[in-house]
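Below is the file final_30.txt, which contains compact mmCIF, C-alpha atoms and all ligand atoms.
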```txt
# COMPACT_ATOMS: atom_id res chain seq x y z
CA MET A 1 -29.79 14.06 -51.44
CA LYS A 2 -32.38 16.00 -49.48
CA ARG A 3 -32.29 13.35 -46.74
CA ILE A 4 -28.51 13.52 -46.37
CA ILE A 5 -28.54 17.30 -46.01
CA PHE A 6 -31.27 17.01 -43.39
CA TRP A 7 -29.36 14.47 -41.28
CA LEU A 8 -25.91 16.05 -41.49
CA PRO A 9 -26.35 18.76 -38.79
CA ALA A 10 -27.99 16.24 -36.47
CA LEU A 11 -25.07 13.86 -36.91
CA LEU A 12 -22.53 16.59 -36.19
CA LEU A 13 -24.43 17.64 -33.08
CA PHE A 14 -24.47 14.05 -31.81
CA ALA A 15 -20.75 13.64 -32.47
CA SER A 16 -19.81 16.81 -30.62
CA CYS A 17 -21.95 15.95 -27.59
CA SER A 18 -20.53 12.46 -27.25
CA GLY A 19 -17.05 13.92 -27.63
CA GLN A 20 -17.52 15.98 -24.51
CA SER A 21 -19.40 13.70 -22.18
CA GLY A 22 -19.53 10.26 -23.81
CA LYS A 23 -18.55 7.34 -21.65
CA GLY A 24 -15.51 6.42 -23.75
CA ASN A 25 -14.04 9.83 -23.14
CA ARG A 26 -14.75 10.12 -19.41
CA SER A 27 -12.21 12.49 -17.92
CA ILE A 28 -10.29 11.72 -14.72
CA ALA A 29 -11.56 15.05 -13.41
CA ASP A 30 -15.19 13.82 -13.25
CA THR A 31 -16.46 14.33 -9.73
CA ILE A 32 -17.16 11.14 -7.77
CA ALA A 33 -20.30 11.24 -5.60
CA LEU A 34 -19.06 10.64 -2.05
CA SER A 35 -20.90 8.01 -0.01
CA PRO A 36 -21.25 8.46 3.78
CA CYS A 37 -17.98 7.38 5.32
CA PRO A 38 -16.59 7.29 8.87
CA HIS A 39 -13.73 9.51 10.03
CA PHE A 40 -10.30 7.89 9.85
CA SER A 41 -8.62 8.53 13.20
CA ALA A 42 -4.96 9.42 12.79
CA ASP A 43 -4.66 9.20 16.61
CA SER A 44 -5.68 5.53 16.49
CA ALA A 45 -3.27 4.85 13.64
CA MET A 46 -0.49 6.60 15.57
CA LEU A 47 -1.25 4.37 18.57
CA TYR A 48 -0.98 1.25 16.36
CA ILE A 49 2.42 2.46 15.14
CA ASN A 50 3.62 2.96 18.72
CA GLU A 51 2.32 -0.47 19.71
CA GLN A 52 4.20 -2.20 16.87
CA CYS A 53 7.40 -0.27 17.58
CA GLY A 54 7.04 -1.17 21.26
CA PHE A 55 8.05 -4.73 20.38
CA GLY A 56 11.40 -3.51 19.07
CA SER A 57 12.65 -4.12 15.55
CA ARG A 58 10.37 -6.76 13.96
CA VAL A 59 13.00 -8.32 11.74
CA THR A 60 11.76 -11.46 9.92
CA GLY A 61 12.18 -14.49 12.17
CA SER A 62 13.07 -12.51 15.31
CA GLU A 63 11.49 -12.81 18.76
CA ALA A 64 10.15 -9.24 18.43
CA ALA A 65 8.49 -10.28 15.15
CA ARG A 66 6.92 -13.35 16.77
CA ARG A 67 5.41 -11.20 19.52
CA CYS A 68 4.29 -8.43 17.17
CA GLY A 69 2.80 -10.98 14.76
CA ASP A 70 0.75 -12.49 17.59
CA PHE A 71 -0.39 -8.98 18.53
CA LEU A 72 -1.48 -8.23 14.95
CA VAL A 73 -3.42 -11.49 14.68
CA GLU A 74 -5.22 -10.78 17.96
CA ARG A 75 -5.97 -7.18 17.02
CA PHE A 76 -7.41 -8.00 13.58
CA LYS A 77 -9.57 -10.70 15.23
CA ALA A 78 -10.72 -8.25 17.92
CA PHE A 79 -11.75 -5.89 15.10
CA GLY A 80 -13.95 -8.63 13.66
CA ALA A 81 -11.79 -10.05 10.88
CA GLU A 82 -11.22 -13.72 10.11
CA VAL A 83 -7.46 -14.24 10.26
CA GLU A 84 -5.29 -16.71 8.39
CA GLU A 85 -1.54 -17.06 8.84
CA GLN A 86 0.72 -18.30 6.11
CA THR A 87 4.29 -19.38 6.85
CA ALA A 88 7.26 -20.25 4.66
CA THR A 89 11.03 -20.39 4.84
CA VAL A 90 12.70 -17.61 2.89
CA THR A 91 16.32 -17.41 1.77
CA THR A 92 18.06 -14.05 2.09
CA TRP A 93 20.80 -12.50 -0.11
CA ASP A 94 23.60 -14.35 1.76
CA GLY A 95 21.82 -17.70 1.91
CA THR A 96 20.43 -17.36 5.43
CA GLN A 97 17.12 -19.21 5.87
CA LEU A 98 14.46 -17.45 7.92
CA PRO A 99 10.89 -18.38 8.93
CA ALA A 100 8.48 -15.83 7.45
CA ARG A 101 4.82 -15.25 8.28
CA ASN A 102 2.15 -13.45 6.26
CA ILE A 103 -0.96 -12.39 8.18
CA ILE A 104 -4.21 -12.26 6.21
CA ALA A 105 -7.30 -10.61 7.73
CA ARG A 106 -10.60 -11.10 5.90
CA ILE A 107 -13.73 -8.98 6.21
CA ASN A 108 -16.96 -10.39 4.75
CA PRO A 109 -15.08 -13.59 3.83
CA ALA A 110 -18.07 -15.11 1.99
CA ASN A 111 -18.42 -12.25 -0.49
CA PRO A 112 -16.74 -13.17 -3.82
CA ASP A 113 -16.51 -9.46 -4.71
CA ARG A 114 -13.25 -8.48 -3.03
CA ILE A 115 -10.72 -5.67 -2.65
CA LEU A 116 -7.21 -6.14 -1.38
CA LEU A 117 -5.22 -3.81 0.89
CA CYS A 118 -1.66 -4.76 1.77
CA ALA A 119 1.49 -3.56 3.50
CA HIS A 120 4.67 -5.17 4.72
CA TRP A 121 5.10 -5.55 8.47
CA ASP A 122 8.75 -6.64 8.74
CA CYS A 123 11.62 -4.28 9.58
CA ARG A 124 14.88 -3.92 7.69
CA PRO A 125 17.67 -5.65 9.67
CA TRP A 126 20.22 -3.00 8.68
CA ALA A 127 20.08 0.82 8.62
CA ASP A 128 22.25 0.66 5.51
CA ASN A 129 21.19 4.09 4.24
CA ASP A 130 22.02 5.88 7.51
CA PRO A 131 24.30 8.92 7.14
CA ASP A 132 26.49 7.45 9.90
CA GLU A 133 28.29 4.34 8.72
CA ALA A 134 28.48 3.11 12.33
CA ASN A 135 24.74 2.39 12.10
CA HIS A 136 24.81 0.40 8.87
CA HIS A 137 24.35 -2.94 10.66
CA THR A 138 21.74 -1.73 13.18
CA PRO A 139 18.13 -2.97 12.71
CA ILE A 140 15.59 -0.19 12.15
CA LEU A 141 12.46 0.46 14.24
CA ALA A 142 10.50 1.00 11.00
CA ALA A 143 7.74 3.27 12.25
CA ASN A 144 7.20 4.45 8.69
CA ASP A 145 8.78 1.66 6.60
CA ALA A 146 6.50 -1.07 7.93
CA ALA A 147 4.31 0.00 10.85
CA SER A 148 2.52 2.90 9.09
CA GLY A 149 0.85 0.79 6.40
CA VAL A 150 -0.22 -1.87 8.90
CA ALA A 151 -1.57 0.86 11.21
CA VAL A 152 -3.73 2.28 8.41
CA MET A 153 -5.10 -1.23 7.73
CA LEU A 154 -5.84 -1.79 11.44
CA GLU A 155 -7.72 1.51 11.68
CA ILE A 156 -9.74 0.70 8.55
CA CYS A 157 -10.55 -2.72 10.07
CA ARG A 158 -11.76 -1.02 13.26
CA LEU A 159 -13.97 1.36 11.24
CA LEU A 160 -15.43 -1.55 9.24
CA GLN A 161 -16.39 -3.26 12.49
CA GLN A 162 -18.13 -0.07 13.72
CA LYS A 163 -19.84 0.64 10.40
CA PRO A 164 -19.95 -2.54 8.32
CA SER A 165 -19.85 -2.45 4.53
CA GLN A 166 -20.93 -5.16 2.07
CA THR A 167 -17.66 -5.38 0.16
CA GLY A 168 -15.29 -8.25 0.77
CA ILE A 169 -11.96 -6.85 1.95
CA ASP A 170 -8.66 -8.64 2.52
CA LEU A 171 -6.01 -6.91 4.61
CA ILE A 172 -2.66 -8.60 4.10
CA CYS A 173 0.48 -8.03 6.15
CA PHE A 174 3.45 -9.27 4.12
CA ASP A 175 6.58 -10.46 5.88
CA ALA A 176 10.14 -10.41 4.48
CA GLU A 177 9.78 -7.39 2.20
CA ASP A 178 12.85 -5.59 3.45
CA LEU A 179 15.61 -8.24 3.41
CA GLY A 180 16.98 -6.98 0.09
CA THR A 181 20.75 -7.10 -0.41
CA PRO A 182 22.33 -4.43 1.83
CA GLN A 183 24.17 -1.51 0.25
CA TRP A 184 27.33 -2.59 2.10
CA ALA A 185 27.35 -6.06 0.51
CA GLU A 186 30.31 -6.51 -1.83
CA ASP A 187 28.46 -8.54 -4.45
CA ARG A 188 25.16 -6.84 -5.26
CA LEU A 189 24.63 -8.51 -8.66
CA GLY A 190 21.20 -10.04 -9.16
CA SER A 191 20.01 -8.46 -5.94
CA SER A 192 16.57 -7.33 -7.16
CA ASP A 193 14.88 -10.65 -6.29
CA THR A 194 16.05 -10.48 -2.67
CA TRP A 195 13.20 -8.04 -1.85
CA CYS A 196 9.49 -8.74 -1.36
CA LEU A 197 9.85 -12.43 -0.41
CA GLY A 198 6.67 -12.64 1.69
CA SER A 199 4.46 -11.21 -1.04
CA ARG A 200 6.06 -13.63 -3.50
CA PHE A 201 5.00 -16.72 -1.59
CA TRP A 202 1.57 -15.21 -0.90
CA ALA A 203 1.10 -14.42 -4.62
CA LYS A 204 2.13 -17.93 -5.69
CA SER A 205 -0.39 -19.52 -3.34
CA ALA A 206 -3.08 -16.99 -4.34
CA LYS A 207 -2.58 -17.94 -7.98
CA ALA A 208 -2.65 -21.68 -7.16
CA ASP A 209 -5.86 -21.22 -5.11
CA GLY A 210 -7.60 -19.15 -7.81
CA TYR A 211 -7.88 -16.20 -5.42
CA LYS A 212 -9.61 -13.20 -6.99
CA ALA A 213 -9.85 -9.55 -6.02
CA ARG A 214 -11.00 -6.69 -8.24
CA TYR A 215 -7.91 -4.65 -7.38
CA GLY A 216 -5.26 -4.12 -4.73
CA ILE A 217 -3.66 -1.19 -2.95
CA LEU A 218 -0.23 -1.42 -1.36
CA LEU A 219 0.52 1.03 1.45
CA ASP A 220 4.26 1.57 1.83
CA MET A 221 5.70 4.31 4.06
CA VAL A 222 2.45 6.25 4.37
CA GLY A 223 3.30 8.32 7.45
CA GLY A 224 6.59 10.11 6.92
CA ARG A 225 6.82 13.84 7.64
CA GLY A 226 6.94 15.78 4.40
CA ALA A 227 5.72 12.84 2.29
CA THR A 228 3.85 13.41 -0.94
CA PHE A 229 2.57 10.56 -3.07
CA SER A 230 3.30 10.91 -6.76
CA ARG A 231 1.82 8.34 -9.15
CA GLU A 232 4.15 5.35 -9.16
CA GLY A 233 5.18 4.02 -12.59
CA ILE A 234 4.32 0.32 -12.34
CA SER A 235 0.95 1.23 -10.81
CA MET A 236 0.28 3.45 -13.85
CA GLN A 237 1.19 0.63 -16.23
CA MET A 238 -0.74 -2.12 -14.47
CA ALA A 239 -3.67 -0.42 -12.72
CA GLN A 240 -4.10 3.10 -14.11
CA PRO A 241 -7.88 3.35 -13.44
CA ILE A 242 -7.25 2.65 -9.74
CA VAL A 243 -4.54 5.30 -9.58
CA SER A 244 -6.93 7.81 -11.19
CA ARG A 245 -9.72 7.00 -8.76
CA VAL A 246 -7.53 7.23 -5.65
CA TRP A 247 -5.91 10.52 -6.70
CA GLN A 248 -9.31 11.94 -7.72
CA LEU A 249 -10.85 11.00 -4.33
CA ALA A 250 -7.85 12.44 -2.47
CA GLY A 251 -8.33 15.74 -4.32
CA GLN A 252 -12.04 15.85 -3.57
CA LEU A 253 -11.34 15.24 0.14
CA GLY A 254 -8.90 18.18 0.27
CA PHE A 255 -5.69 16.12 0.23
CA ARG A 256 -4.32 17.27 -3.13
CA GLN A 257 -1.12 18.57 -1.45
CA PHE A 258 -0.36 14.97 -0.38
CA PHE A 259 -1.46 13.42 -3.71
CA PRO A 260 -0.11 15.72 -6.44
CA LEU A 261 -1.05 14.94 -10.04
CA ASN A 262 2.49 14.11 -11.13
CA ASP A 263 4.59 11.01 -11.72
CA GLY A 264 7.10 9.37 -9.37
CA GLY A 265 9.54 6.50 -9.90
CA TYR A 266 9.17 2.85 -10.88
CA ILE A 267 9.50 0.94 -7.64
CA THR A 268 10.33 -2.71 -6.98
CA ASP A 269 7.80 -3.39 -4.24
CA ASP A 270 5.22 -5.95 -3.09
CA HIS A 271 2.68 -4.72 -5.67
CA VAL A 272 4.86 -6.17 -8.45
CA ASN A 273 4.22 -9.70 -7.13
CA VAL A 274 0.51 -8.99 -6.68
CA ASN A 275 0.32 -7.79 -10.30
CA GLU A 276 2.67 -10.23 -12.01
CA ILE A 277 2.22 -13.45 -10.03
CA ALA A 278 -1.29 -13.18 -8.53
CA GLY A 279 -2.65 -11.33 -11.59
CA ILE A 280 -4.48 -8.71 -9.54
CA PRO A 281 -4.12 -5.07 -10.67
CA CYS A 282 -2.46 -3.40 -7.71
CA ILE A 283 -1.16 0.12 -7.11
CA ASP A 284 1.55 1.28 -4.71
CA ILE A 285 1.01 4.34 -2.54
CA ILE A 286 4.61 5.23 -1.77
CA PRO A 287 6.25 8.62 -1.14
CA TYR A 288 8.32 10.45 -3.70
CA TYR A 289 10.60 13.14 -2.31
CA ARG A 290 12.04 15.31 -5.07
CA GLU A 291 14.77 16.60 -2.78
CA GLY A 292 16.98 15.08 -0.11
CA PRO A 293 19.14 12.00 0.36
CA SER A 294 16.50 9.46 -0.78
CA SER A 295 13.36 9.67 -2.92
CA PHE A 296 11.68 7.66 -0.11
CA GLY A 297 12.44 10.39 2.43
CA PRO A 298 15.18 11.38 4.86
CA THR A 299 14.52 8.58 7.39
CA TRP A 300 14.44 5.73 4.81
CA HIS A 301 16.56 2.79 6.06
CA THR A 302 18.07 4.95 8.80
CA ILE A 303 17.86 4.71 12.59
CA LYS A 304 15.64 7.84 12.45
CA ASP A 305 12.68 5.81 11.17
CA THR A 306 10.95 6.21 14.53
CA PRO A 307 7.45 7.29 15.71
CA GLU A 308 8.64 10.89 16.38
CA ASN A 309 9.19 11.27 12.64
CA ILE A 310 5.64 10.24 11.72
CA ASP A 311 3.22 13.03 10.77
CA PRO A 312 -0.38 12.11 11.69
CA ASN A 313 -1.61 14.44 8.92
CA VAL A 314 0.04 12.19 6.33
CA LEU A 315 -1.54 9.09 7.91
CA GLU A 316 -4.90 10.83 7.83
CA ALA A 317 -4.62 11.90 4.18
CA VAL A 318 -3.88 8.33 3.09
CA GLY A 319 -6.20 6.62 5.58
CA GLN A 320 -9.22 8.85 4.89
CA THR A 321 -8.78 8.55 1.12
CA ILE A 322 -8.69 4.74 1.24
CA THR A 323 -11.58 4.64 3.72
CA GLN A 324 -13.65 6.76 1.32
CA LEU A 325 -12.69 4.49 -1.57
CA ILE A 326 -13.94 1.45 0.37
CA TYR A 327 -17.23 3.01 1.51
CA ASN A 328 -17.80 4.21 -2.06
CA GLU A 329 -17.69 0.61 -3.37
C1 LIG B 401 13.89 -0.80 -3.59
O1 LIG B 401 14.57 -0.06 -2.93
C2 LIG B 401 14.43 -1.63 -4.67
N1 LIG B 401 12.59 -0.92 -3.39
C3 LIG B 401 11.96 -0.26 -2.30
C4 LIG B 401 11.06 -1.20 -1.64
C5 LIG B 401 10.99 -0.86 -0.22
C6 LIG B 401 11.96 -1.01 0.70
N2 LIG B 401 9.94 -0.41 0.39
C7 LIG B 401 10.24 -0.26 1.63
N3 LIG B 401 11.45 -0.60 1.86
ZN ZN B 402 12.43 -0.60 3.49
```
Could the structure of this file be written out as structure tokens, please?
Ligand code: AHN
Ligand code: ZN
Amino acid sequence: MKRIIFWLPALLLFASCSGQSGKGNRSIADTIALSPCPHFSADSAMLYINEQCGFGSRVTGSEAARRCGDFLVERFKAFGAEVEEQTATVTTWDGTQLPARNIIARINPANPDRILLCAHWDCRPWADNDPDEANHHTPILAANDAASGVAVMLEICRLLQQKPSQTGIDLICFDAEDLGTPQWAEDRLGSSDTWCLGSRFWAKSAKADGYKARYGILLDMVGGRGATFSREGISMQMAQPIVSRVWQLAGQLGFRQFFPLNDGGYITDDHVNVNEIAGIPCIDIIPYYREGPSSFGPTWHTIKDTPENIDPNVLEAVGQTITQLIYNE
């Protein structure tokens, strides 16, 4: 009896301490020690957007896409990455067959400990969300909805060449993301699997090859003026610790206004294939506009998706946060 009375206060003390700071209860607000990390240049990223848009609309299978794809391969190689290209024929909503090309840039290819960054590089062939119906069959330039994510990956590749890190990093440019059934199509039944075709064939081959990465981050439309990045639903379900870490780092770097601690939509995007087919937990950094014509922003799938409507401050918020994440690994 005496012994029990003696130990009781000690036990209670232990329980209350572990309740506040024990590992199992670690709060998302715990400060992350920031490793030295280079400055992400939004000017460079802006240049890479202008260079991609300079080829015209890079619709899957087009001449502009062939030229831009060659440019991306050369640029990733010039920044020190090992580049692999992966091609396949994809079938669009109306049965059209198109040649598609994923571009995979590897940094530290021999390291089995890997992280995956990805973005689509193809442009939507139709501005089917444009306010003017006359534009609904016009291909978009896709400064934001394609070029921005690739530009952030190119800038991160450049920084990793200047200041190498140990981590293995794969930068993947997916083709054929944006061929989903147009809004003007009469029969839109079963249209959800017409999106994200490039990431689907990448994910199937990744699974077959036993490819492993600790986690992935998809960058989709990361440069639009007025963009804020709410936590996307499928990312929260499949890769919540990665979401927490990215949003925590963004806050610590002073980018909370771009990365608010609230929830966005559930988006059918390339990260679904990375999660469900390749089995790699992958988040989507994608804007969520609470007001306006589209939750993806006013230029989404319109002819206004041009470099003038990119805000370098948005590119910097996303680019610097992901750069910090990588150098913190
Ligand atoms: C849907 O609209 C179903 N998903 C959005 C994926 C997307 C299109 N990302 C860029 N363009
Ligand atoms: Zn799109």
Distance query Arg225 in chain A at most 9 Å, all atoms listed in the file, self and fewer than 4 positions along chain excluded, as a compact mmCIF listing (two decimals) with C-alpha atoms, in the frame of the given file:
```txt
# COMPACT_ATOMS: atom_id res chain seq x y z
CA GLY A 297 12.44 10.39 2.43
CA ASN A 309 9.19 11.27 12.64
CA ILE A 310 5.64 10.24 11.72
CA ASP A 311 3.22 13.03 10.77
CA PRO A 312 -0.38 12.11 11.69
CA ASN A 313 -1.61 14.44 8.92
CA VAL A 314 0.04 12.19 6.33
```
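Using only C-alpha atoms, the shortest contact distance between Lys204 in chain A and any of A:Asp30, A:Thr96, A:Ile277, A:Arg75 is found at A:Ile277.
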Item to check | Protein and nucleic residues near ligand LIG 401 (chain B), 6 Å, all atoms listed in the file, as a ChimeraX atom specification | outcome: /A:145,178,267-269
At a cut-off of 12 Å, can you tabulate as a tab-separated table every residue of chain A near ligand ZN 402 (chain B) together with its closest atom pair and the distance in Å to one decimal, using only C-alpha atoms and all ligand atoms and ordering rows by chain then number?
```
residue	atom	partner	partner_atom	distance
A:Val59	CA	B:ZN402	ZN	11.3
A:Ala119	CA	B:ZN402	ZN	11.3
A:His120	CA	B:ZN402	ZN	9.1
A:Trp121	CA	B:ZN402	ZN	10.2
A:Asp122	CA	B:ZN402	ZN	8.8
A:Cys123	CA	B:ZN402	ZN	7.2
A:Arg124	CA	B:ZN402	ZN	5.9
A:Pro125	CA	B:ZN402	ZN	9.5
A:Trp126	CA	B:ZN402	ZN	9.7
A:Ala127	CA	B:ZN402	ZN	9.3
A:Asp128	CA	B:ZN402	ZN	10.1
A:Asn129	CA	B:ZN402	ZN	10.0
A:Pro139	CA	B:ZN402	ZN	11.1
A:Ile140	CA	B:ZN402	ZN	9.2
A:Leu141	CA	B:ZN402	ZN	10.8
A:Ala142	CA	B:ZN402	ZN	7.9
A:Ala143	CA	B:ZN402	ZN	10.7
A:Asn144	CA	B:ZN402	ZN	8.9
A:Asp145	CA	B:ZN402	ZN	5.3
A:Ala146	CA	B:ZN402	ZN	7.4
A:Ala147	CA	B:ZN402	ZN	11.0
A:Ser148	CA	B:ZN402	ZN	11.9
A:Asp175	CA	B:ZN402	ZN	11.7
A:Ala176	CA	B:ZN402	ZN	10.1
A:Glu177	CA	B:ZN402	ZN	7.4
A:Asp178	CA	B:ZN402	ZN	5.0
A:Leu179	CA	B:ZN402	ZN	8.3
A:Gly180	CA	B:ZN402	ZN	8.5
A:Thr181	CA	B:ZN402	ZN	11.3
A:Pro182	CA	B:ZN402	ZN	10.7
A:Trp195	CA	B:ZN402	ZN	9.2
A:Cys196	CA	B:ZN402	ZN	9.9
A:Asp220	CA	B:ZN402	ZN	8.6
A:Met221	CA	B:ZN402	ZN	8.4
A:Ile267	CA	B:ZN402	ZN	11.6
A:Thr268	CA	B:ZN402	ZN	10.9
A:Asp269	CA	B:ZN402	ZN	9.4
A:Asp270	CA	B:ZN402	ZN	11.1
A:Ile286	CA	B:ZN402	ZN	11.1
A:Ser294	CA	B:ZN402	ZN	11.7
A:Phe296	CA	B:ZN402	ZN	9.0
A:Gly297	CA	B:ZN402	ZN	11.0
A:Thr299	CA	B:ZN402	ZN	10.2
A:Trp300	CA	B:ZN402	ZN	6.8
A:His301	CA	B:ZN402	ZN	5.9
A:Thr302	CA	B:ZN402	ZN	9.5
A:Ile303	CA	B:ZN402	ZN	11.9
A:Asp305	CA	B:ZN402	ZN	10.0
```
Next on the checklist: Counting all atoms listed in the file, which residue out of A:Ala134, A:Leu219, A:Leu325, A:Ala278 sits closest to Ser244 in chain A?
Outcome noted: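 Closest candidate: A:Leu325.
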Checklist entry - Quick one: distance from CA of Leu160 in chain A to CA of Gln240 in chain A in Å, one decimal? => result 26.4 Å
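Considering all atoms listed in the file, the residue among A:Ala110, A:Leu197, A:Thr228, A:Gln166 positioned nearest to Asn328 in chain A is A:Gln166.
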